Amino acid sequence: MMSWTLLPLALVLLCSSTFCSMGCDLTQDLKKDFSLLKQMSTFSLLPCLKDRTNFNFPKEAMEGSQLQRENATAIVHEMLQEIFTIFSLNVTPAAWNQTQLIQLLIGLDHQMDQLEQCLGQEVEAEEPSLGSENPRLVLKSYFQRISQYLQGKEYSRCAWEIVRIEIQRVLLFMNKLTRKLRA
């Protein structure tokens, strides 16, 4: 389990990190998040194969042509917020590298702040267009499935490993989306 005594100290150190000098381009930050998640655990996935599930990432809703730059930024912010919430739970495996977990949380928090500054205001909920799904609502549903999966598996080590791999996939998608925003 995560040690909450280290989290406040880590959050205080937030602005002394290299993230503070970065702009609106999250590409490098997302790569670092991916790397931290990958290194966080040395547990073999082999015993966990029976626990695999398809969380049905809503890729189509996230790549729609109606996705404007500000909407995409708000969606990336929403993803960061949801990932932060999942990994902030006080039930993460004790065997995970807690320093890397704290670094991940600090990075996610700072990236959310960056996106809010890029938008020039707090990220607000977008109204859905007529005849289309609201991508943010679809995302919330996706992350709710992940949370329900963890809860249903009683936050087992294998469930966390499956979720960790799933979030790595999400980070790859976010990296692709943020690169598209720069174009």
# chains A, B, ... in the order shown; residues from 1 in each chain; ligands from 1
$ residues_around --residues "Leu171 in chain A" --least-positions-apart "5" --cutoff "8 Å" --atoms "only C-alpha atoms" --output "VMD selection string"
chain A and resid 30 to 31 33 to 34
$ closest_residue --among "A:Gln100, A:Thr92, A:Asn71, A:Asn134" --to "Ala159 in chain A" --atoms "only C-alpha atoms"
A:Thr92
$ residues_around --residues "Leu150 in chain A" --least-positions-apart "5" --cutoff "9 Å" --atoms "only C-alpha atoms" --output "VMD selection string"
chain A and resid 145 155 to 156 159 to 160 163
$ closest_residue --among "A:Ile83, A:Leu119, A:Gln98, A:Asp25" --to "Thr178 in chain A" --atoms "only C-alpha atoms"
A:Asp25
$ atom_distance --atom1 "CA of Gly107 in chain A" --atom2 "CA of Cys48 in chain A"
27.9 Å
$ select_by_dssp --residues "range 19-155 of chain A" --states "helix (DSSP H, G or I)" --output "PyMOL selection string"
chain A and resi 19-21+27-40+46-51+59-62+69-87+98-119+135-152
